[in-house]
>>> print(open('upload-v7.txt').read())   # compact mmCIF, C-alpha atoms
# COMPACT_ATOMS: atom_id res chain seq x y z
CA MET A 1 85.68 -116.97 -28.57
CA LYS A 2 83.19 -119.65 -27.52
CA LYS A 3 80.30 -117.53 -28.75
CA TYR A 4 81.98 -117.03 -32.15
CA ALA A 5 82.69 -120.77 -32.46
CA THR A 6 79.03 -121.54 -31.70
CA LYS A 7 77.87 -119.14 -34.41
CA PHE A 8 80.35 -120.55 -36.92
CA ILE A 9 79.09 -124.07 -36.24
CA GLY A 10 75.59 -122.73 -36.83
CA ALA A 11 76.67 -121.47 -40.26
CA LEU A 12 78.15 -124.90 -41.06
CA ALA A 13 74.79 -126.48 -40.29
CA LEU A 14 73.42 -125.40 -43.67
CA PRO A 15 75.81 -127.39 -45.93
CA VAL A 16 75.76 -130.31 -43.46
CA VAL A 17 71.97 -130.55 -43.56
CA VAL A 18 71.91 -130.28 -47.36
CA TYR A 19 74.59 -132.97 -47.67
CA LEU A 20 72.76 -135.29 -45.26
CA VAL A 21 69.57 -134.96 -47.31
CA PHE A 22 71.36 -136.14 -50.45
CA LEU A 23 73.25 -138.79 -48.45
CA ILE A 24 69.92 -140.27 -47.37
CA CYS A 25 68.41 -140.02 -50.87
CA ILE A 26 71.49 -141.13 -52.85
CA PRO A 27 73.78 -143.04 -50.43
CA THR A 28 75.78 -144.70 -53.22
CA ARG A 29 76.98 -141.36 -54.60
CA PHE A 30 77.31 -139.33 -51.39
CA GLY A 31 78.45 -142.03 -48.98
CA ASN A 32 82.20 -141.47 -49.43
CA TRP A 33 84.83 -138.80 -48.77
CA ASN A 34 85.69 -138.54 -52.45
CA CYS A 35 82.31 -136.89 -53.07
CA ILE A 36 83.00 -134.23 -50.42
CA TYR A 37 86.47 -133.65 -51.86
CA THR A 38 85.04 -133.27 -55.38
CA ILE A 39 82.48 -130.73 -54.18
CA PHE A 40 85.28 -128.84 -52.41
CA LEU A 41 87.44 -128.68 -55.55
CA GLN A 42 84.50 -127.57 -57.69
CA SER A 43 83.72 -124.80 -55.18
CA ILE A 44 87.17 -123.19 -55.39
CA VAL A 45 86.88 -121.17 -58.63
CA PRO A 46 83.28 -119.95 -58.01
CA THR A 47 84.27 -118.90 -54.48
CA ILE A 48 87.19 -116.81 -55.73
CA THR A 49 84.92 -115.30 -58.40
CA ALA A 50 82.40 -114.58 -55.63
CA TYR A 51 85.04 -112.56 -53.78
CA ALA A 52 85.28 -110.27 -56.82
CA VAL A 53 81.48 -110.04 -56.98
CA ALA A 54 81.27 -109.31 -53.24
CA LEU A 55 83.68 -106.37 -53.43
CA GLY A 56 81.30 -104.67 -55.84
CA ASN A 57 78.11 -105.82 -54.15
CA ILE A 58 78.98 -104.65 -50.63
CA PRO A 59 79.07 -100.91 -51.56
CA GLY A 60 75.81 -101.33 -53.48
CA MET A 61 77.02 -102.04 -57.02
CA PHE A 62 75.99 -104.91 -59.29
CA ASP A 63 78.87 -105.78 -61.58
CA PHE A 64 77.70 -108.03 -64.42
CA SER A 65 80.95 -107.55 -66.32
CA VAL A 66 82.93 -109.93 -64.07
CA GLY A 67 82.38 -112.90 -66.39
CA SER A 68 83.54 -111.05 -69.51
CA GLU A 69 86.52 -109.61 -67.61
CA GLN A 70 87.46 -113.10 -66.51
CA ILE A 71 87.32 -114.30 -70.13
CA ILE A 72 89.60 -111.47 -71.31
CA SER A 73 91.98 -112.22 -68.44
CA GLY A 74 92.06 -115.91 -69.40
CA VAL A 75 92.53 -115.17 -73.11
CA VAL A 76 95.46 -112.83 -72.48
CA GLY A 77 96.94 -115.27 -69.97
CA GLY A 78 96.68 -118.09 -72.51
CA LEU A 79 98.26 -116.04 -75.29
CA MET A 80 101.08 -114.91 -73.02
CA ALA A 81 101.67 -118.48 -71.82
CA ALA A 82 102.42 -119.53 -75.41
CA ARG A 83 105.22 -116.95 -75.55
CA PHE A 84 106.59 -116.67 -72.03
CA GLY A 85 105.38 -119.78 -70.22
CA ILE A 86 103.91 -119.78 -66.71
CA PRO A 87 105.23 -116.30 -65.73
CA GLY A 88 103.66 -114.86 -68.89
CA MET A 89 100.34 -116.53 -68.09
CA ILE A 90 100.25 -115.12 -64.56
CA ILE A 91 101.43 -111.60 -65.45
CA GLY A 92 99.28 -111.45 -68.58
CA ALA A 93 96.11 -112.55 -66.82
CA LEU A 94 96.67 -110.19 -63.89
CA ALA A 95 97.54 -107.19 -66.10
CA ALA A 96 94.52 -107.76 -68.34
CA ALA A 97 92.17 -108.10 -65.36
CA LEU A 98 93.47 -104.93 -63.71
CA ILE A 99 93.19 -102.93 -66.96
CA VAL A 100 89.59 -103.91 -67.70
CA THR A 101 88.46 -103.47 -64.08
CA LEU A 102 90.17 -100.06 -63.98
CA ILE A 103 88.26 -99.04 -67.12
CA THR A 104 85.00 -100.32 -65.60
CA GLY A 105 85.63 -98.46 -62.34
CA LEU A 106 86.50 -95.19 -64.07
CA LEU A 107 83.41 -95.38 -66.29
CA ASN A 108 81.28 -96.09 -63.22
CA ASN A 109 82.60 -92.95 -61.51
CA VAL A 110 82.45 -90.69 -64.57
CA LEU A 111 79.17 -91.68 -66.23
CA ARG A 112 77.17 -91.89 -62.99
CA ILE A 113 74.57 -94.27 -64.36
CA PRO A 114 73.24 -97.32 -62.49
CA SER A 115 75.97 -99.94 -62.23
CA LEU A 116 73.56 -102.64 -63.41
CA VAL A 117 72.97 -100.86 -66.72
CA LEU A 118 76.59 -99.80 -67.12
CA THR A 119 78.16 -103.21 -66.48
CA MET A 120 75.66 -105.00 -68.72
CA GLY A 121 76.71 -102.74 -71.59
CA ILE A 122 80.38 -103.10 -70.73
CA ALA A 123 80.00 -106.89 -70.62
CA MET A 124 78.75 -106.89 -74.21
CA VAL A 125 81.73 -104.79 -75.31
CA TYR A 126 84.23 -106.94 -73.42
CA GLU A 127 82.75 -110.09 -74.95
CA ILE A 128 83.45 -108.73 -78.42
CA VAL A 129 86.96 -107.67 -77.39
CA GLY A 130 87.63 -111.13 -75.97
CA SER A 131 86.37 -112.81 -79.15
CA LYS A 132 88.62 -110.65 -81.33
CA MET A 133 91.63 -111.37 -79.15
CA ALA A 134 90.97 -115.12 -79.17
CA GLY A 135 90.94 -115.20 -82.95
CA HIS A 136 88.88 -117.11 -85.50
CA TYR A 137 88.17 -120.19 -83.37
CA GLY A 138 86.93 -118.25 -80.37
CA PHE A 139 89.10 -119.98 -77.78
CA VAL A 140 92.70 -120.13 -76.57
CA GLN A 141 94.52 -123.27 -75.45
CA ILE A 142 97.62 -123.76 -73.33
CA ASP A 143 100.09 -126.65 -73.16
CA THR A 144 99.54 -129.13 -70.35
CA GLU A 145 102.93 -128.24 -68.86
CA TYR A 146 101.59 -124.77 -68.06
CA ALA A 147 98.39 -126.03 -66.41
CA ILE A 148 100.05 -126.59 -63.06
CA PHE A 149 97.40 -124.75 -61.03
CA GLY A 150 94.48 -126.92 -62.11
CA LYS A 151 95.07 -129.85 -59.76
CA ALA A 152 95.76 -130.44 -56.08
CA PRO A 153 97.72 -129.45 -54.15
CA ASN A 154 98.52 -126.32 -56.21
CA ILE A 155 94.89 -125.31 -56.68
CA VAL A 156 94.27 -125.66 -52.93
CA ILE A 157 97.33 -123.54 -52.12
CA VAL A 158 96.19 -120.80 -54.51
CA PHE A 159 92.70 -120.97 -52.99
CA LEU A 160 94.05 -120.53 -49.46
CA ILE A 161 96.10 -117.53 -50.61
CA ALA A 162 92.97 -115.98 -52.18
CA VAL A 163 90.97 -116.60 -48.98
CA ALA A 164 93.70 -114.99 -46.84
CA LEU A 165 93.92 -112.00 -49.20
CA PHE A 166 90.16 -111.35 -49.16
CA TYR A 167 90.03 -111.79 -45.38
CA PHE A 168 92.85 -109.27 -44.94
CA LEU A 169 91.35 -106.73 -47.36
CA PHE A 170 87.88 -106.98 -45.88
CA ASN A 171 88.75 -107.06 -42.18
CA HIS A 172 92.13 -105.42 -41.63
CA THR A 173 92.43 -102.49 -44.04
CA VAL A 174 91.04 -98.96 -44.22
CA PHE A 175 89.63 -99.95 -47.61
CA GLY A 176 87.55 -102.71 -46.01
CA TYR A 177 86.19 -100.32 -43.39
CA ASN A 178 85.32 -97.73 -46.03
CA LEU A 179 83.73 -100.40 -48.20
CA ARG A 180 81.35 -101.41 -45.42
CA ALA A 181 80.66 -97.76 -44.58
CA VAL A 182 79.67 -96.95 -48.16
CA GLY A 183 77.49 -100.04 -48.32
CA SER A 184 75.78 -99.16 -45.06
CA ASN A 185 74.96 -95.55 -46.01
CA GLU A 186 76.77 -93.82 -48.83
CA ARG A 187 75.66 -90.31 -47.87
CA VAL A 188 76.72 -90.69 -44.24
CA ALA A 189 80.05 -92.21 -45.36
CA LEU A 190 80.65 -89.25 -47.67
CA ASN A 191 79.88 -86.75 -44.90
CA SER A 192 82.25 -88.67 -42.61
CA GLY A 193 85.15 -88.07 -44.97
CA VAL A 194 85.16 -91.35 -46.86
CA LYS A 195 86.19 -90.93 -50.50
CA VAL A 196 83.27 -92.84 -52.00
CA LYS A 197 84.42 -92.73 -55.63
CA MET A 198 87.93 -93.88 -54.76
CA THR A 199 86.54 -96.67 -52.58
CA LYS A 200 84.35 -97.93 -55.43
CA LEU A 201 87.25 -97.70 -57.88
CA LYS A 202 89.42 -99.74 -55.52
CA ALA A 203 86.59 -102.28 -55.20
CA PHE A 204 86.75 -102.86 -58.96
CA LEU A 205 90.56 -102.99 -58.97
CA TYR A 206 90.91 -105.36 -56.04
CA GLY A 207 88.17 -107.45 -57.59
CA GLY A 208 90.39 -107.66 -60.67
CA ILE A 209 92.97 -109.59 -58.62
CA PHE A 210 90.42 -112.30 -57.81
CA ILE A 211 89.16 -112.28 -61.39
CA ALA A 212 92.73 -112.96 -62.58
CA ILE A 213 93.14 -115.81 -60.09
CA SER A 214 89.84 -117.34 -61.24
CA ALA A 215 90.88 -116.99 -64.89
CA ILE A 216 94.23 -118.69 -64.27
CA LEU A 217 92.64 -121.58 -62.37
CA THR A 218 89.93 -122.01 -65.02
CA LEU A 219 92.54 -121.96 -67.76
CA SER A 220 94.64 -124.51 -65.88
CA GLN A 221 91.72 -126.83 -65.13
CA SER A 222 90.28 -127.01 -68.64
CA GLY A 223 93.43 -126.24 -70.63
CA SER A 224 91.57 -123.62 -72.64
CA VAL A 225 89.29 -120.62 -72.34
CA GLY A 226 86.35 -119.97 -74.65
CA THR A 227 84.74 -116.65 -75.47
CA GLN A 228 81.06 -115.74 -75.17
CA GLN A 229 78.66 -113.42 -76.93
CA SER A 230 75.15 -112.01 -76.34
CA LEU A 231 75.79 -111.72 -72.58
CA GLY A 232 76.66 -115.41 -72.30
CA SER A 233 79.47 -114.42 -69.93
CA VAL A 234 76.91 -113.30 -67.33
CA GLN A 235 76.23 -116.97 -66.55
CA VAL A 236 79.67 -117.13 -64.93
CA ILE A 237 78.53 -114.97 -62.02
CA PHE A 238 75.14 -116.58 -61.27
CA LYS A 239 76.41 -119.10 -58.68
CA PRO A 240 78.93 -116.65 -57.15
CA LEU A 241 76.24 -113.95 -56.89
CA ILE A 242 73.85 -116.33 -55.13
CA ALA A 243 76.68 -117.35 -52.80
CA VAL A 244 77.34 -113.70 -51.94
CA LEU A 245 73.66 -113.04 -51.25
CA LEU A 246 73.43 -116.07 -48.97
CA ALA A 247 76.67 -115.14 -47.21
CA LEU A 248 75.39 -111.62 -46.57
CA VAL A 249 72.20 -113.03 -45.08
CA PHE A 250 73.92 -115.17 -42.45
CA GLN A 251 76.90 -112.86 -42.02
CA LYS A 252 75.99 -112.54 -38.33
CA PHE A 253 76.99 -116.19 -37.88
CA CYS A 254 80.43 -116.02 -39.46
CA ASN A 255 82.82 -113.76 -41.32
CA LEU A 256 81.86 -112.97 -44.90
CA THR A 257 85.08 -114.56 -46.17
CA PHE A 258 84.12 -117.99 -44.87
CA GLY A 259 80.40 -117.44 -45.38
CA ILE A 260 80.90 -117.11 -49.12
CA PHE A 261 82.73 -120.43 -49.28
CA ILE A 262 80.12 -122.16 -47.10
CA ALA A 263 77.34 -120.83 -49.33
CA GLN A 264 79.18 -121.86 -52.50
CA PHE A 265 79.87 -125.34 -51.11
CA THR A 266 76.16 -125.67 -50.31
CA ILE A 267 75.12 -124.57 -53.80
CA ASN A 268 77.52 -127.02 -55.45
CA THR A 269 76.25 -129.81 -53.20
CA ILE A 270 72.73 -129.13 -54.43
CA PHE A 271 73.77 -129.09 -58.09
CA ILE A 272 75.85 -132.26 -57.85
CA GLY A 273 73.05 -133.96 -55.92
CA LEU A 274 70.46 -133.03 -58.50
CA ILE A 275 72.73 -134.19 -61.33
CA ALA A 276 73.30 -137.49 -59.51
CA ALA A 277 69.52 -137.84 -59.19
CA GLY A 278 69.22 -137.48 -62.98
CA LEU A 279 67.19 -134.27 -62.94
CA PRO A 280 67.31 -131.93 -66.00
CA ASP A 281 69.11 -128.56 -65.97
CA THR A 282 65.90 -126.52 -65.90
CA PHE A 283 64.67 -128.32 -62.79
CA GLN A 284 68.05 -127.77 -61.13
CA ASN A 285 67.64 -124.01 -61.57
CA VAL A 286 64.10 -124.19 -60.17
CA VAL A 287 65.29 -126.07 -57.08
CA LEU A 288 68.18 -123.63 -56.55
CA GLY A 289 65.81 -120.66 -56.81
CA ILE A 290 63.40 -122.21 -54.30
CA PHE A 291 66.31 -123.04 -51.98
CA LEU A 292 67.56 -119.43 -52.12
CA LEU A 293 64.09 -118.08 -51.29
CA ILE A 294 63.62 -120.49 -48.38
CA VAL A 295 67.01 -119.75 -46.83
CA MET A 296 66.60 -115.98 -47.10
CA LEU A 297 63.03 -116.21 -45.79
CA VAL A 298 64.09 -118.27 -42.77
CA PHE A 299 67.00 -116.01 -41.84
CA ARG A 300 65.03 -112.80 -42.34
CA ASN A 301 62.14 -114.11 -40.26
CA THR A 302 64.56 -115.29 -37.58
CA GLU A 303 65.65 -111.68 -37.08
CA ALA A 304 62.01 -110.55 -36.96
CA VAL A 305 61.11 -113.27 -34.42
CA GLU A 306 64.07 -112.34 -32.21
CA ALA A 307 63.04 -108.68 -32.34
CA MET A 308 59.46 -109.60 -31.41
CA LYS A 309 60.69 -111.72 -28.48
CA GLU A 310 62.80 -108.81 -27.27
CA ARG A 311 59.80 -106.44 -27.40
CA MET A 312 57.65 -108.94 -25.50
CA LYS A 313 60.38 -109.32 -22.88
CA ILE A 314 60.58 -105.54 -22.40
CA ARG A 315 56.79 -105.27 -22.07
CA LYS A 316 56.76 -108.06 -19.50
CA GLU A 317 59.48 -106.36 -17.46
CA MET A 318 57.56 -103.08 -17.59
CA LYS A 319 54.38 -104.78 -16.30
CA VAL A 320 56.32 -106.41 -13.47
CA SER A 321 57.92 -103.11 -12.48
CA LYS A 322 54.53 -101.35 -12.44
CA ALA A 323 53.04 -104.09 -10.30
>>> encode(input="upload-v7.txt", output="structure tokens")
Amino acid sequence: MKKYATKFIGALALPVVVYLVFLICIPTRFGNWNCIYTIFLQSIVPTITAYAVALGNIPGMFDFSVGSEQIISGVVGGLMAARFGIPGMIIGALAAALIVTLITGLLNNVLRIPSLVLTMGIAMVYEIVGSKMAGHYGFVQIDTEYAIFGKAPNIVIVFLIAVALFYFLFNHTVFGYNLRAVGSNERVALNSGVKVKMTKLKAFLYGGIFIAISAILTLSQSGSVGTQQSLGSVQVIFKPLIAVLLALVFQKFCNLTFGIFIAQFTINTIFIGLIAAGLPDTFQNVVLGIFLLIVMLVFRNTEAVEAMKERMKIRKEMKVSKA
């Protein structure tokens, strides 16, 4: 338990260091608890979206249709809210997300083409479908009385439920075990009796639950959902994808469930800090890219250094034994 706590604290060091850097540089903006709370709230939706991305990424798939699926889910939820209120919004968003992710999963199993290529094409189709469903203006609005999940404490409660659900799926189900097995070595998993196709299909479907939650929260926060075209929806998954990659890198320090949130909180801290410093959007992307490379380089080299130390220790013990 003590060892796990020490590792978890080590994972928390990353966002703490990043926050301290901006606190020193911009003390007027970062020197209060309201800033931390704002970063936390802005990390909720991307974290939940990242859970959907992670379910596809762990078994080796790159799903670029998540953003377009989230838009369709939000559009259907908004349209259903106008007719049936909050229950219609929730059921509509969830049903739409499960339908589109089921279609994506089935096509992935049947067509057998690289998931990157497949989901890029599907994203373009879903964007058109979402635009047609939204109508002439390209967006759907909901009444403020239905936007109850966009503010605290409701948004925090929904977030905690999503965290608990992902943690349970990933750590305490046969699906989670099979998911990691397929991601580790698909051929070995198949020979061990794991139903690879079914596991990947479930990854898409379970991801649809988190896509629906993200769509509902986004709809509640902004009061509307807008459609995208020409792969504009892919931008939705950039931050979540980076968070997943970072979380996978330092997964040895903490559970992936919490690692994704820590990574997303760190990314949002960087973006808010750069905005507060008055830097343009292009420079923000440059800094984020450099930050991602540095973090992955440090963690990868840490493993290599530890392996080298272990080899040197073994050689030293062998020399002592011979002497």
>>> residues_around(input="upload-v7.txt", residues="stretch 113-119 of chain A", least_positions_apart="5", cutoff="9 Å", atoms="only C-alpha atoms", output="JSON, numbers by chain")
{"A": [60, 61, 62, 63, 64, 65, 66, 104, 107, 108, 124]}
>>> closest_residue(input="upload-v7.txt", among="A:Tyr51, A:Phe175, A:Tyr19, A:Phe40", to="A:Ile211", atoms="all atoms listed in the file")
A:Tyr51
>>> closest_residue(input="upload-v7.txt", among="A:Phe204, A:Tyr126, A:Phe30, A:Phe166", to="A:Gly232", atoms="only C-alpha atoms")
A:Tyr126
>>> atom_distance(input="upload-v7.txt", atom1="atom CA of A:Ser68", atom2="atom CA of A:Ala123")
5.6 Å
>>> closest_residue(input="upload-v7.txt", among="A:Asn285, A:Asn32, A:Ser222, A:Gln235", to="A:Gln141", atoms="all atoms listed in the file")
A:Ser222
>>> closest_residue(input="upload-v7.txt", among="A:Asn154, A:Phe265, A:Leu293, A:Leu165", to="A:Ile209", atoms="all atoms listed in the file")
A:Leu165
>>> atom_distance(input="upload-v7.txt", atom1="atom CA of A:Ala95", atom2="atom CA of A:Gly138")
20.9 Å
>>> residues_around(input="upload-v7.txt", residues="A:Asn109", least_positions_apart="5", cutoff="9 Å", atoms="only C-alpha atoms", output="list in words")
Thr104, Lys197, Met198, Lys200 and Leu201 of chain A
>>> residues_around(input="upload-v7.txt", residues="A:Gln221", least_positions_apart="3", cutoff="10 Å", atoms="all atoms listed in the file", output="list in words")
Val45, Thr144, Ala147, Ile148, Phe149, Gly150, Lys151, Ile155, Ala215, Ile216, Leu217, Thr218, Ser224 and Val225 of chain A
>>> closest_residue(input="upload-v7.txt", among="A:Val17, A:Ser131, A:Ile142, A:Gly105", to="A:Met80", atoms="all atoms listed in the file")
A:Ile142
